[in-house]
$ cat entry_39.txt   # compact mmCIF, C-alpha atoms
# COMPACT_ATOMS: atom_id res chain seq x y z
CA MET A 207 -13.05 21.56 -34.55
CA ASN A 208 -14.77 18.89 -32.40
CA LYS A 209 -13.95 18.19 -28.76
CA SER A 210 -12.01 15.04 -29.56
CA ASP A 211 -9.71 17.02 -31.89
CA ILE A 212 -9.14 19.62 -29.17
CA GLN A 213 -8.02 16.90 -26.75
CA ALA A 214 -5.73 15.28 -29.33
CA GLN A 215 -4.19 18.65 -30.13
CA ALA A 216 -3.59 19.34 -26.44
CA ILE A 217 -1.63 16.09 -26.18
CA ALA A 218 0.32 16.81 -29.37
CA ARG A 219 1.23 20.30 -28.16
CA ALA A 220 2.50 18.91 -24.84
CA GLN A 221 4.62 16.37 -26.72
CA GLN A 222 6.13 19.21 -28.72
CA PHE A 223 7.53 20.95 -25.66
CA VAL A 224 7.71 18.31 -22.88
CA PRO A 225 9.56 14.95 -23.08
CA ARG A 226 6.92 12.35 -23.97
CA GLY A 227 4.37 15.08 -23.29
CA VAL A 228 4.37 14.76 -19.51
CA SER A 229 6.55 15.66 -16.54
CA SER A 230 5.87 12.41 -14.67
CA GLY A 231 6.33 9.04 -16.34
CA HIS A 232 3.16 7.33 -15.11
CA ARG A 233 1.04 9.92 -16.99
CA VAL A 234 2.15 8.57 -20.38
CA GLY A 235 -0.33 6.68 -22.55
CA TRP A 236 -3.61 8.33 -21.63
CA THR A 237 -5.78 9.79 -24.39
CA GLN A 238 -7.66 11.98 -21.91
CA VAL A 239 -6.71 15.48 -20.81
CA PHE A 240 -8.60 16.64 -17.75
CA ASP A 241 -9.56 20.26 -17.46
CA ARG A 242 -12.02 20.21 -14.55
CA THR A 243 -12.24 18.45 -11.19
CA ALA A 244 -14.72 18.60 -8.32
CA GLY A 245 -15.42 16.29 -5.40
CA SER A 246 -15.12 12.67 -6.51
CA TYR A 247 -15.22 13.51 -10.24
CA VAL A 248 -12.92 14.60 -13.05
CA TRP A 249 -13.92 15.78 -16.56
CA ASP A 250 -11.87 15.47 -19.72
CA MET A 251 -11.74 18.04 -22.50
CA GLU A 252 -14.48 16.20 -24.38
CA GLY A 253 -16.83 16.76 -21.45
CA ASN A 254 -16.83 13.14 -20.24
CA ARG A 255 -17.19 12.72 -16.48
CA TYR A 256 -15.36 10.02 -14.54
CA ILE A 257 -15.52 8.85 -10.93
CA ASP A 258 -11.90 9.23 -9.85
CA TYR A 259 -10.19 6.26 -8.19
CA LEU A 260 -6.72 7.44 -9.18
CA ASN A 261 -6.82 10.66 -7.14
CA ALA A 262 -3.35 11.67 -8.34
CA TRP A 263 -1.95 8.46 -6.77
CA GLY A 264 -3.10 9.47 -3.30
CA PRO A 265 -2.89 13.19 -2.53
CA ILE A 266 -6.59 13.90 -3.09
CA VAL A 267 -8.08 12.50 0.10
CA LEU A 268 -10.90 14.95 0.95
CA GLY A 269 -12.06 15.56 -2.61
CA HIS A 270 -11.03 17.58 -5.63
CA CYS A 271 -11.04 21.36 -5.15
CA ASP A 272 -12.20 20.99 -1.54
CA GLU A 273 -13.45 24.44 -0.50
CA ARG A 274 -12.08 24.16 3.05
CA VAL A 275 -8.56 23.60 1.74
CA SER A 276 -8.86 26.12 -1.08
CA GLU A 277 -10.05 28.84 1.30
CA ALA A 278 -7.25 28.11 3.77
CA VAL A 279 -4.66 28.39 1.00
CA SER A 280 -6.26 31.57 -0.30
CA ARG A 281 -6.02 33.13 3.17
CA ALA A 282 -2.36 32.17 3.41
CA ILE A 283 -1.61 33.70 0.02
CA ARG A 284 -3.28 36.94 1.06
CA THR A 285 -1.57 36.98 4.47
CA CYS A 286 2.09 36.00 4.09
CA ASP A 287 3.86 34.19 1.27
CA VAL A 288 7.30 32.50 1.38
CA THR A 289 9.82 34.53 3.38
CA GLY A 290 12.85 32.25 3.67
CA VAL A 291 13.33 33.39 7.27
CA GLY A 292 12.52 31.39 10.41
CA PRO A 293 9.44 29.21 10.87
CA GLN A 294 6.96 29.67 8.06
CA LEU A 295 3.31 30.50 8.62
CA TYR A 296 1.44 27.47 10.10
CA GLU A 297 4.59 25.29 10.14
CA ALA A 298 4.51 24.67 13.89
CA ASP A 299 0.73 24.11 13.85
CA VAL A 300 1.00 21.27 11.34
CA ALA A 301 4.01 19.76 13.09
CA GLU A 302 2.14 19.74 16.39
CA ILE A 303 -0.76 17.76 14.89
CA VAL A 304 1.58 15.20 13.32
CA CYS A 305 3.56 14.80 16.55
CA GLY A 306 0.35 14.34 18.50
CA ALA A 307 -0.98 11.64 16.16
CA MET A 308 1.98 9.65 14.83
CA PRO A 309 3.71 7.32 17.33
CA SER A 310 7.20 7.79 15.83
CA ALA A 311 7.00 11.60 15.75
CA ASP A 312 8.89 13.49 18.43
CA LYS A 313 9.89 16.07 15.82
CA VAL A 314 8.82 16.72 12.23
CA ALA A 315 10.61 18.37 9.31
CA PHE A 316 8.87 19.26 6.06
CA CYS A 317 9.96 19.00 2.43
CA SER A 318 8.24 18.89 -0.96
CA SER A 319 7.96 15.28 -2.14
CA GLY A 320 8.14 11.66 -1.02
CA THR A 321 11.46 11.33 -2.85
CA ASP A 322 12.83 14.20 -0.75
CA ALA A 323 11.54 12.60 2.45
CA THR A 324 13.08 9.17 1.87
CA MET A 325 16.34 10.72 0.68
CA HIS A 326 16.66 12.75 3.88
CA ALA A 327 15.72 9.71 5.96
CA ALA A 328 18.65 7.84 4.39
CA HIS A 329 20.93 10.80 5.13
CA ILE A 330 19.84 10.88 8.77
CA ALA A 331 20.35 7.13 9.18
CA ARG A 332 23.84 7.26 7.69
CA ALA A 333 24.79 10.30 9.76
CA ALA A 334 23.54 8.67 12.95
CA THR A 335 25.08 5.23 12.41
CA GLY A 336 28.18 5.90 10.33
CA ARG A 337 27.11 3.03 8.08
CA ARG A 338 26.44 2.96 4.33
CA LYS A 339 24.15 0.08 3.36
CA LEU A 340 20.36 0.27 3.20
CA LEU A 341 17.84 -2.57 3.18
CA LYS A 342 14.53 -2.43 1.33
CA PHE A 343 11.89 -4.84 0.05
CA HIS A 344 11.44 -6.05 -3.50
CA GLY A 345 8.86 -4.04 -5.42
CA SER A 346 8.51 -1.21 -2.90
CA TYR A 347 9.03 2.20 -4.47
CA HIS A 348 10.64 4.84 -2.25
CA GLY A 349 11.20 7.66 -4.72
CA TRP A 350 13.80 8.41 -7.37
CA ASN A 351 16.84 9.33 -5.30
CA ASP A 352 19.90 7.18 -6.05
CA GLN A 353 19.94 5.68 -2.57
CA LEU A 354 16.69 3.75 -2.98
CA ALA A 355 15.65 3.60 -6.65
CA VAL A 356 16.41 -0.10 -6.80
CA GLY A 357 14.36 -3.29 -6.86
CA SER A 358 10.96 -2.02 -7.99
CA SER A 359 11.28 -1.90 -11.79
CA ARG A 360 8.28 -3.30 -13.65
CA VAL A 361 9.60 -2.85 -17.19
CA ASP A 362 12.79 -4.80 -16.44
CA PHE A 363 11.07 -7.34 -14.20
CA SER A 364 11.25 -11.04 -14.87
CA PRO A 365 10.93 -13.93 -12.40
CA ASP A 366 14.68 -14.51 -12.72
CA ALA A 367 15.85 -10.89 -12.57
CA PRO A 368 18.05 -9.91 -9.60
CA LEU A 369 16.11 -8.38 -6.73
CA ASN A 370 18.33 -5.30 -6.80
CA THR A 371 17.68 -4.43 -10.46
CA PRO A 372 17.94 -0.61 -10.81
CA ASN A 373 14.65 1.19 -11.45
CA GLY A 374 16.08 3.11 -14.39
CA ALA A 375 19.19 4.39 -16.14
CA GLY A 376 21.48 7.05 -14.68
CA LEU A 377 21.58 5.73 -11.12
CA HIS A 378 25.00 5.69 -9.50
CA PRO A 379 26.35 2.11 -9.47
CA GLY A 380 27.81 2.62 -6.01
CA SER A 381 24.42 3.53 -4.61
CA VAL A 382 22.83 0.46 -6.19
CA ALA A 383 25.55 -1.74 -4.72
CA ASP A 384 24.80 -0.41 -1.24
CA VAL A 385 21.15 -1.53 -1.31
CA VAL A 386 20.20 -4.94 0.05
CA VAL A 387 16.85 -6.08 -1.39
CA VAL A 388 14.68 -8.74 0.30
CA GLU A 389 11.39 -10.26 -0.87
CA TRP A 390 8.39 -8.96 1.12
CA ASN A 391 7.02 -11.41 3.69
CA ASP A 392 10.12 -13.62 3.41
CA HIS A 393 10.95 -14.25 7.07
CA ALA A 394 13.94 -16.47 6.31
CA GLY A 395 15.30 -14.09 3.69
CA LEU A 396 15.05 -11.15 6.08
CA LYS A 397 16.89 -13.03 8.82
CA ALA A 398 19.58 -14.07 6.35
CA ALA A 399 20.07 -10.49 5.14
CA PHE A 400 20.57 -9.24 8.68
CA ALA A 401 22.86 -12.16 9.49
CA GLU A 402 25.08 -11.23 6.53
CA PHE A 403 24.86 -7.44 6.50
CA GLY A 404 23.47 -6.40 9.90
CA PRO A 405 26.51 -4.47 11.18
CA GLU A 406 26.68 -2.58 7.86
CA LEU A 407 23.01 -1.59 7.62
CA ALA A 408 22.34 2.07 8.35
CA ALA A 409 18.60 1.70 7.78
CA ALA A 410 15.85 -0.67 6.72
CA PHE A 411 13.10 0.93 4.61
CA SER A 412 9.64 -0.60 4.54
CA GLU A 413 6.11 0.23 3.62
CA PRO A 414 4.18 -0.98 6.66
CA TYR A 415 1.36 -1.90 4.26
CA VAL A 416 2.57 -2.29 0.69
CA HIS A 417 0.78 -0.13 -1.89
CA SER A 418 3.63 0.01 -4.43
CA TYR A 419 2.15 -2.97 -6.28
CA GLY A 420 -1.42 -2.93 -5.08
CA CYS A 421 -2.46 -3.87 -1.57
CA VAL A 422 -0.27 -6.45 0.16
CA PRO A 423 -0.18 -6.50 3.98
CA ALA A 424 2.61 -7.91 6.07
CA GLU A 425 2.05 -11.46 7.21
CA PRO A 426 1.59 -11.91 10.99
CA GLY A 427 4.85 -11.27 12.81
CA PHE A 428 6.79 -9.97 9.81
CA LEU A 429 6.95 -6.30 10.81
CA GLU A 430 7.60 -7.31 14.40
CA LEU A 431 10.54 -9.42 13.19
CA LEU A 432 11.85 -6.46 11.18
CA ARG A 433 11.55 -4.19 14.24
CA ASP A 434 13.38 -6.71 16.45
CA LEU A 435 16.20 -7.24 13.94
CA CYS A 436 16.71 -3.50 13.52
CA THR A 437 16.81 -2.98 17.28
CA ALA A 438 19.28 -5.82 17.79
CA GLU A 439 21.65 -4.59 15.06
CA GLY A 440 21.37 -0.85 15.74
CA THR A 441 19.76 -0.35 12.31
CA ILE A 442 17.34 2.55 11.85
CA LEU A 443 13.85 1.37 10.93
CA VAL A 444 12.20 3.72 8.42
CA PHE A 445 8.54 3.37 7.50
CA ASP A 446 7.55 4.79 4.14
CA GLU A 447 4.05 6.07 4.88
CA VAL A 448 3.90 8.35 1.87
CA LYS A 449 0.73 6.52 0.79
CA THR A 450 -0.63 5.21 4.10
CA GLY A 451 0.10 8.28 6.21
CA PHE A 452 -3.05 10.24 7.16
CA ARG A 453 -5.17 8.10 4.81
CA ALA A 454 -5.09 4.76 6.65
CA ALA A 455 -5.30 6.69 9.93
CA LEU A 456 -4.38 10.15 11.14
CA GLY A 457 -1.39 8.62 12.92
CA GLY A 458 -0.38 6.54 9.91
CA TYR A 459 -0.61 2.78 9.55
CA GLN A 460 1.90 2.43 12.37
CA SER A 461 -0.81 3.61 14.75
CA VAL A 462 -3.05 0.78 13.47
CA ILE A 463 -0.60 -2.11 13.73
CA GLY A 464 1.30 -1.05 16.85
CA VAL A 465 4.81 -1.31 15.35
CA THR A 466 6.71 1.96 15.73
CA PRO A 467 9.62 2.86 13.43
CA ASP A 468 12.48 5.22 14.25
CA LEU A 469 11.76 7.48 11.27
CA THR A 470 8.72 7.94 9.06
CA ALA A 471 8.57 9.43 5.56
CA PHE A 472 5.16 10.87 4.72
CA GLY A 473 3.45 12.94 2.03
CA LYS A 474 0.54 12.79 -0.44
CA ALA A 475 -2.66 12.88 1.64
CA ILE A 476 -1.37 15.42 4.15
CA ALA A 477 -2.26 18.40 1.95
CA ASN A 478 -5.08 17.22 -0.37
CA GLY A 479 -3.10 17.84 -3.54
CA PHE A 480 -0.57 20.49 -2.51
CA SER A 481 3.10 19.52 -2.61
CA VAL A 482 3.95 18.68 1.00
CA ALA A 483 5.96 15.81 2.44
CA GLY A 484 8.10 15.30 5.49
CA ILE A 485 10.07 13.21 7.93
CA ALA A 486 8.93 12.37 11.45
CA GLY A 487 11.18 10.71 13.96
CA ILE A 488 12.46 10.21 17.44
CA GLU A 489 14.29 13.09 19.07
CA SER A 490 17.75 11.51 18.99
CA LEU A 491 17.62 10.97 15.23
CA MET A 492 15.89 14.19 14.23
CA GLY A 493 18.66 15.99 16.10
CA HIS A 494 21.01 14.91 13.32
CA LEU A 495 19.31 17.33 10.94
CA GLY A 496 21.48 20.41 10.65
CA ALA A 497 22.58 22.88 8.00
CA TYR A 498 25.98 22.90 6.28
CA ASP A 499 27.57 20.77 9.00
CA GLY A 500 29.81 17.91 7.96
CA LYS A 501 28.72 15.90 10.99
CA LYS A 502 24.99 16.32 10.42
CA ALA A 503 22.50 15.67 7.64
CA THR A 504 21.57 18.88 5.85
CA LEU A 505 17.91 19.77 5.38
CA ASP A 506 17.41 22.68 3.03
CA GLY A 507 14.82 23.69 0.46
CA THR A 508 13.33 26.97 -0.68
CA TYR A 509 9.79 25.61 -0.68
CA ASN A 510 10.01 23.39 2.39
CA ALA A 511 7.02 24.17 4.65
CA SER A 512 5.70 26.86 2.33
CA PRO A 513 2.78 28.78 3.88
CA TYR A 514 0.48 27.55 1.08
CA GLY A 515 1.36 23.91 1.70
CA MET A 516 1.15 24.31 5.46
CA ALA A 517 -2.25 25.99 5.20
CA ALA A 518 -3.49 23.14 3.01
CA SER A 519 -2.04 20.59 5.45
CA LEU A 520 -3.57 22.24 8.48
CA ALA A 521 -7.02 22.31 6.88
CA THR A 522 -6.69 18.72 5.62
CA LEU A 523 -5.49 17.26 8.92
CA ARG A 524 -8.24 19.01 10.86
CA VAL A 525 -10.85 17.38 8.63
CA LEU A 526 -9.18 13.97 8.74
CA GLY A 527 -9.06 14.24 12.52
CA ASP A 528 -12.82 14.56 12.90
CA ASP A 529 -15.06 11.61 13.78
CA GLU A 530 -16.54 11.14 10.31
CA THR A 531 -14.07 11.43 7.44
CA ILE A 532 -11.77 8.42 7.85
CA PRO A 533 -14.65 6.14 9.00
CA HIS A 534 -16.53 7.22 5.84
CA LEU A 535 -13.52 6.29 3.70
CA TYR A 536 -13.32 2.88 5.36
CA ALA A 537 -17.06 2.27 4.95
CA MET A 538 -17.04 3.20 1.26
CA GLY A 539 -13.91 1.11 0.69
CA GLU A 540 -15.50 -1.97 2.22
CA ARG A 541 -18.73 -1.39 0.28
CA LEU A 542 -16.79 -1.30 -2.98
CA ARG A 543 -14.59 -4.30 -2.21
CA ALA A 544 -17.62 -6.40 -1.23
CA GLY A 545 -19.41 -5.46 -4.46
CA LEU A 546 -16.35 -6.24 -6.56
CA ARG A 547 -16.00 -9.68 -4.96
CA GLU A 548 -19.63 -10.46 -5.80
CA ALA A 549 -19.16 -9.25 -9.38
CA ILE A 550 -16.04 -11.40 -9.84
CA ALA A 551 -17.81 -14.47 -8.47
CA ALA A 552 -20.80 -13.90 -10.76
CA ALA A 553 -18.58 -13.50 -13.82
CA GLY A 554 -16.43 -16.52 -13.01
CA VAL A 555 -13.29 -14.55 -13.82
CA PRO A 556 -9.94 -15.53 -12.23
CA ALA A 557 -9.51 -12.44 -10.05
CA CYS A 558 -9.41 -11.42 -6.41
CA VAL A 559 -9.78 -8.22 -4.41
CA ALA A 560 -7.60 -6.76 -1.66
CA GLY A 561 -7.48 -3.45 0.15
CA LEU A 562 -7.22 -1.33 3.25
CA GLY A 563 -9.63 1.46 4.12
CA SER A 564 -10.04 3.66 1.07
CA GLU A 565 -7.46 1.71 -0.98
CA TYR A 566 -8.20 -1.36 -3.09
CA VAL A 567 -7.00 -3.42 -6.04
CA VAL A 568 -8.32 -6.14 -8.32
CA TYR A 569 -5.66 -8.74 -9.11
CA PHE A 570 -6.35 -10.87 -12.17
CA ARG A 571 -5.04 -14.06 -10.59
CA GLU A 572 -6.62 -16.84 -8.54
CA GLN A 573 -5.10 -15.97 -5.15
CA LEU A 574 -3.96 -12.81 -3.41
CA PRO A 575 -0.22 -12.21 -3.78
CA LYS A 576 2.11 -12.18 -0.80
CA ASN A 577 5.00 -10.37 -2.51
CA PHE A 578 6.12 -8.53 -5.65
CA LYS A 579 6.91 -11.61 -7.73
CA GLU A 580 3.45 -13.03 -7.13
CA ALA A 581 1.77 -9.67 -7.75
CA MET A 582 3.48 -9.40 -11.12
CA ASP A 583 2.10 -12.80 -12.12
CA VAL A 584 -1.28 -11.49 -13.28
CA ASP A 585 -3.23 -11.71 -16.52
CA GLY A 586 -2.38 -8.41 -18.18
CA ASP A 587 -4.74 -8.96 -21.12
CA LEU A 588 -7.76 -9.50 -18.86
CA PHE A 589 -6.82 -6.41 -16.89
CA ALA A 590 -6.46 -4.26 -20.01
CA ARG A 591 -9.92 -5.26 -21.24
CA TYR A 592 -11.43 -4.71 -17.79
CA HIS A 593 -9.76 -1.29 -17.49
CA ALA A 594 -11.04 -0.25 -20.92
CA GLY A 595 -14.55 -1.35 -19.95
CA LEU A 596 -14.46 0.75 -16.78
CA LEU A 597 -13.07 3.78 -18.59
CA SER A 598 -15.79 3.59 -21.24
CA ARG A 599 -18.36 3.63 -18.43
CA GLY A 600 -16.89 6.66 -16.67
CA VAL A 601 -14.73 5.00 -14.01
CA LEU A 602 -11.09 6.17 -13.82
CA GLU A 603 -8.53 3.79 -12.33
CA PRO A 604 -4.74 3.34 -12.69
CA SER A 605 -3.76 1.96 -16.07
CA PHE A 606 -1.51 -0.91 -15.03
CA PRO A 607 -2.58 -4.15 -13.33
CA THR A 608 -0.74 -3.75 -10.01
CA GLY A 609 -1.67 -0.11 -9.49
CA ASP A 610 -3.46 0.55 -6.21
CA ARG A 611 -6.73 2.42 -6.44
CA ARG A 612 -8.16 4.78 -3.85
CA MET A 613 -11.16 6.98 -3.28
CA ASN A 614 -11.54 10.39 -1.71
CA ALA A 615 -13.96 11.41 1.02
CA ALA A 616 -16.33 13.14 -1.41
CA VAL A 617 -17.32 9.75 -2.83
CA THR A 618 -20.92 8.74 -2.15
CA ALA A 619 -22.72 5.43 -1.79
CA GLU A 620 -24.29 6.17 -5.17
CA ASP A 621 -20.82 6.55 -6.72
CA ILE A 622 -19.78 3.23 -5.22
CA ASP A 623 -22.90 1.43 -6.41
CA TYR A 624 -22.48 2.82 -9.93
CA THR A 625 -18.84 1.67 -9.90
CA ILE A 626 -19.92 -1.84 -8.89
CA GLU A 627 -22.43 -1.86 -11.77
CA ALA A 628 -19.72 -0.72 -14.19
CA ALA A 629 -17.34 -3.38 -12.90
CA THR A 630 -20.03 -6.05 -13.16
CA ALA A 631 -20.69 -5.16 -16.81
CA SER A 632 -16.96 -4.95 -17.62
CA LEU A 633 -16.22 -8.30 -15.99
CA ALA A 634 -19.13 -9.92 -17.84
CA GLU A 635 -17.55 -8.83 -21.12
CA LEU A 636 -14.41 -10.80 -20.32
$ encode --input "entry_39.txt" --output "structure tokens"
Amino acid sequence: MNKSDIQAQAIARAQQFVPRGVSSGHRVGWTQVFDRTAGSYVWDMEGNRYIDYLNAWGPIVLGHCDERVSEAVSRAIRTCDVTGVGPQLYEADVAEIVCGAMPSADKVAFCSSGTDATMHAAHIARAATGRRKLLKFHGSYHGWNDQLAVGSSRVDFSPDAPLNTPNGAGLHPGSVADVVVVEWNDHAGLKAAFAEFGPELAAAFSEPYVHSYGCVPAEPGFLELLRDLCTAEGTILVFDEVKTGFRAALGGYQSVIGVTPDLTAFGKAIANGFSVAGIAGIESLMGHLGAYDGKKATLDGTYNASPYGMAASLATLRVLGDDETIPHLYAMGERLRAGLREAIAAAGVPACVAGLGSEYVVYFREQLPKNFKEAMDVDGDLFARYHAGLLSRGVLEPSFPTGDRRMNAAVTAEDIDYTIEAATASLAEL
């Protein structure tokens, strides 16, 4: 049996026992199965090596199988596993680092996923305000809980579709009805939403820098307007920093732009691949977290702040807090974006490049998008051919045209230069 047959059989076996062969929808459609990772590289079962710009959609920030993180987790496993009693090993240590770095963090509570974090943020906001409605921005994904899984569907997207189109089947209609969806960077639309629903809004959820459909920053004054409207109406401002937290800066993107939310949901890069997420917030709001109390928001979870996750987080945050790692990510990100812009210009292809730090995206359209509707207006055929060209040359990126790419800190200048060469050749083929 050759290697290609082994990989095909692995996919077929998974499809036999797992719905569609995967336990996370965005993994569908790949013909590769990866069985080895190290640093900035992944290898499929055929032995092909790829430079990884997917990085599990963000968690891998230091590098695959980073020895510092692996050793820290190994020590935790050998020392004390989950007890279910009191603070878990390293829990306070990680919380102290987050509180010291993130402007919105007086207190921190840990959970297991970004969906958990945004769900609990909604619970806190409703408990604190006594209100029901939530505001979010079109295209921004905040997890799969019923409260927020609205307005970011790609499959059901059309220019004329309602902004609050549910993300999938099975969502409670009442939850969908309680979500107000506004187009990103629409100053007038945001003001109108608050004018109509302000007294009913428990919280406004926002990515401070949108990565849900690539890399789309807020226009000047937009986040400041959102902050002012929330303050005036008594609405809780929640930043979803699941992707930007600890990758854009140790203190999150909020520490870069100087706009401070009331609550922050974070995850992904905090633990370099281990399942850790959390909520950070001001003292008065975090005090609403209780257990089994009808007047408070319950936070409970067997694996919340597990010693393994906390050990991984502690090791990861210590590295990210040094003077080299995040600057290296920014330098490599800018090197790649500059090279991609040159390659696009040389090829004469209608495309443009955006990004922040270690994150980037190539949009196959003439101008950078300002919102979800514009981001979805890309040439999908050109993207598919470009993506196939990169993959054939050993460069792994997300498989859909608005997927944000990112690198990890193990990436080298040589990796970046090879990627630019691969992109140049792939663009020339278009």
$ residues_around --input "entry_39.txt" --residues "stretch 432-437 of chain A" --least-positions-apart "2" --cutoff "9 Å" --atoms "only C-alpha atoms" --output "list in words"
His393, Leu396, Lys397, Phe400, Gly404, Leu407, Ala409, Ala410, Gly427, Phe428, Leu429, Glu430, Glu439, Gly440, Thr441, Ile442, Leu443, Val465, Thr466 and Pro467 of chain A
$ residues_around --input "entry_39.txt" --residues "stretch 371-377 of chain A" --least-positions-apart "3" --cutoff "10 Å" --atoms "all atoms listed in the file" --output "list of chain:residue names"
A:His344, A:Gly345, A:Tyr347, A:Gly349, A:Trp350, A:Asn351, A:Asp352, A:Gln353, A:Leu354, A:Ala355, A:Val356, A:Gly357, A:Ser358, A:Ser359, A:Arg360, A:Val361, A:Asp362, A:Phe363, A:Ala367, A:Pro368, A:Gly380, A:Ser381, A:Val382, A:Ala383, A:Val387
$ closest_residue --input "entry_39.txt" --among "A:Val567, A:Ala307, A:Ala334, A:Val388" --to "A:Lys579" --atoms "only C-alpha atoms"
A:Val388
$ closest_residue --input "entry_39.txt" --among "A:Leu596, A:Leu456, A:Cys286, A:Val422" --to "A:Tyr624" --atoms "all atoms listed in the file"
A:Leu596
$ closest_residue --input "entry_39.txt" --among "A:Leu633, A:Leu260, A:Ala475, A:Ala327" --to "A:Val555" --atoms "all atoms listed in the file"
A:Leu633
$ closest_residue --input "entry_39.txt" --among "A:Leu546, A:Ala244, A:Ala594, A:Val386" --to "A:Val568" --atoms "all atoms listed in the file"
A:Leu546
$ closest_residue --input "entry_39.txt" --among "A:Ala424, A:Met325, A:Val416, A:Ala216" --to "A:Asp250" --atoms "all atoms listed in the file"
A:Ala216
$ residues_around --input "entry_39.txt" --residues "stretch 517-534 of chain A" --least-positions-apart "4" --cutoff "6 Å" --atoms "all atoms listed in the file" --output "MDAnalysis selection string"
chainID A and resid 275 278:279 300 476:477 513
$ atom_distance --input "entry_39.txt" --atom1 "atom CA of A:Phe570" --atom2 "atom CA of A:Phe589"
6.5 Å
$ residues_around --input "entry_39.txt" --residues "A:Ser319" --least-positions-apart "4" --cutoff "12 Å" --atoms "all atoms listed in the file" --output "VMD selection string"
chain A and resid 265 323 to 326 348 to 351 448 to 449 471 to 477 479 to 485 507 509 to 511 515
$ residues_around --input "entry_39.txt" --residues "A:His494" --least-positions-apart "3" --cutoff "12 Å" --atoms "only C-alpha atoms" --output "PDB file with C-alpha atoms, in the coordinates of the input"
ATOM      1  CA  LYS A 313       9.890  16.070  15.820  1.00  0.00           C
ATOM      2  CA  ALA A 315      10.610  18.370   9.310  1.00  0.00           C
ATOM      3  CA  HIS A 326      16.660  12.750   3.880  1.00  0.00           C
ATOM      4  CA  ALA A 327      15.720   9.710   5.960  1.00  0.00           C
ATOM      5  CA  ALA A 328      18.650   7.840   4.390  1.00  0.00           C
ATOM      6  CA  HIS A 329      20.930  10.800   5.130  1.00  0.00           C
ATOM      7  CA  ILE A 330      19.840  10.880   8.770  1.00  0.00           C
ATOM      8  CA  ALA A 331      20.350   7.130   9.180  1.00  0.00           C
ATOM      9  CA  ARG A 332      23.840   7.260   7.690  1.00  0.00           C
ATOM     10  CA  ALA A 333      24.790  10.300   9.760  1.00  0.00           C
ATOM     11  CA  ALA A 334      23.540   8.670  12.950  1.00  0.00           C
ATOM     12  CA  THR A 335      25.080   5.230  12.410  1.00  0.00           C
ATOM     13  CA  GLY A 336      28.180   5.900  10.330  1.00  0.00           C
ATOM     14  CA  GLY A 487      11.180  10.710  13.960  1.00  0.00           C
ATOM     15  CA  ILE A 488      12.460  10.210  17.440  1.00  0.00           C
ATOM     16  CA  GLU A 489      14.290  13.090  19.070  1.00  0.00           C
ATOM     17  CA  SER A 490      17.750  11.510  18.990  1.00  0.00           C
ATOM     18  CA  LEU A 491      17.620  10.970  15.230  1.00  0.00           C
ATOM     19  CA  ALA A 497      22.580  22.880   8.000  1.00  0.00           C
ATOM     20  CA  TYR A 498      25.980  22.900   6.280  1.00  0.00           C
ATOM     21  CA  ASP A 499      27.570  20.770   9.000  1.00  0.00           C
ATOM     22  CA  GLY A 500      29.810  17.910   7.960  1.00  0.00           C
ATOM     23  CA  LYS A 501      28.720  15.900  10.990  1.00  0.00           C
ATOM     24  CA  LYS A 502      24.990  16.320  10.420  1.00  0.00           C
ATOM     25  CA  ALA A 503      22.500  15.670   7.640  1.00  0.00           C
ATOM     26  CA  THR A 504      21.570  18.880   5.850  1.00  0.00           C
ATOM     27  CA  LEU A 505      17.910  19.770   5.380  1.00  0.00           C
TER      28      LEU A 505
END
$ atom_distance --input "entry_39.txt" --atom1 "atom CA of A:Asn614" --atom2 "atom CA of A:Trp263"
11.0 Å
$ decode --input "entry_39.txt" --residues "stretch 245-260 of chain A" --atoms "C-alpha atoms" --output "mmCIF file, in the first residue's frame"
data_model
loop_
_atom_site.group_PDB
_atom_site.id
_atom_site.type_symbol
_atom_site.label_atom_id
_atom_site.label_comp_id
_atom_site.auth_asym_id
_atom_site.auth_seq_id
_atom_site.Cartn_x
_atom_site.Cartn_y
_atom_site.Cartn_z
ATOM 1 C CA GLY A 245 8.117 24.387 14.915
ATOM 2 C CA SER A 246 6.645 26.158 11.890
ATOM 3 C CA TYR A 247 6.026 22.920 9.951
ATOM 4 C CA VAL A 248 3.454 20.144 9.629
ATOM 5 C CA TRP A 249 3.823 16.831 7.740
ATOM 6 C CA ASP A 250 1.038 14.807 6.171
ATOM 7 C CA MET A 251 0.874 11.016 6.089
ATOM 8 C CA GLU A 252 2.508 10.994 2.657
ATOM 9 C CA GLY A 253 5.572 12.679 4.129
ATOM 10 C CA ASN A 254 4.960 16.091 2.527
ATOM 11 C CA ARG A 255 6.124 19.048 4.610
ATOM 12 C CA TYR A 256 4.213 22.335 4.747
ATOM 13 C CA ILE A 257 4.966 25.715 6.297
ATOM 14 C CA ASP A 258 1.943 26.206 8.544
ATOM 15 C CA TYR A 259 0.003 29.470 8.272
ATOM 16 C CA LEU A 260 -3.184 27.933 9.631
#
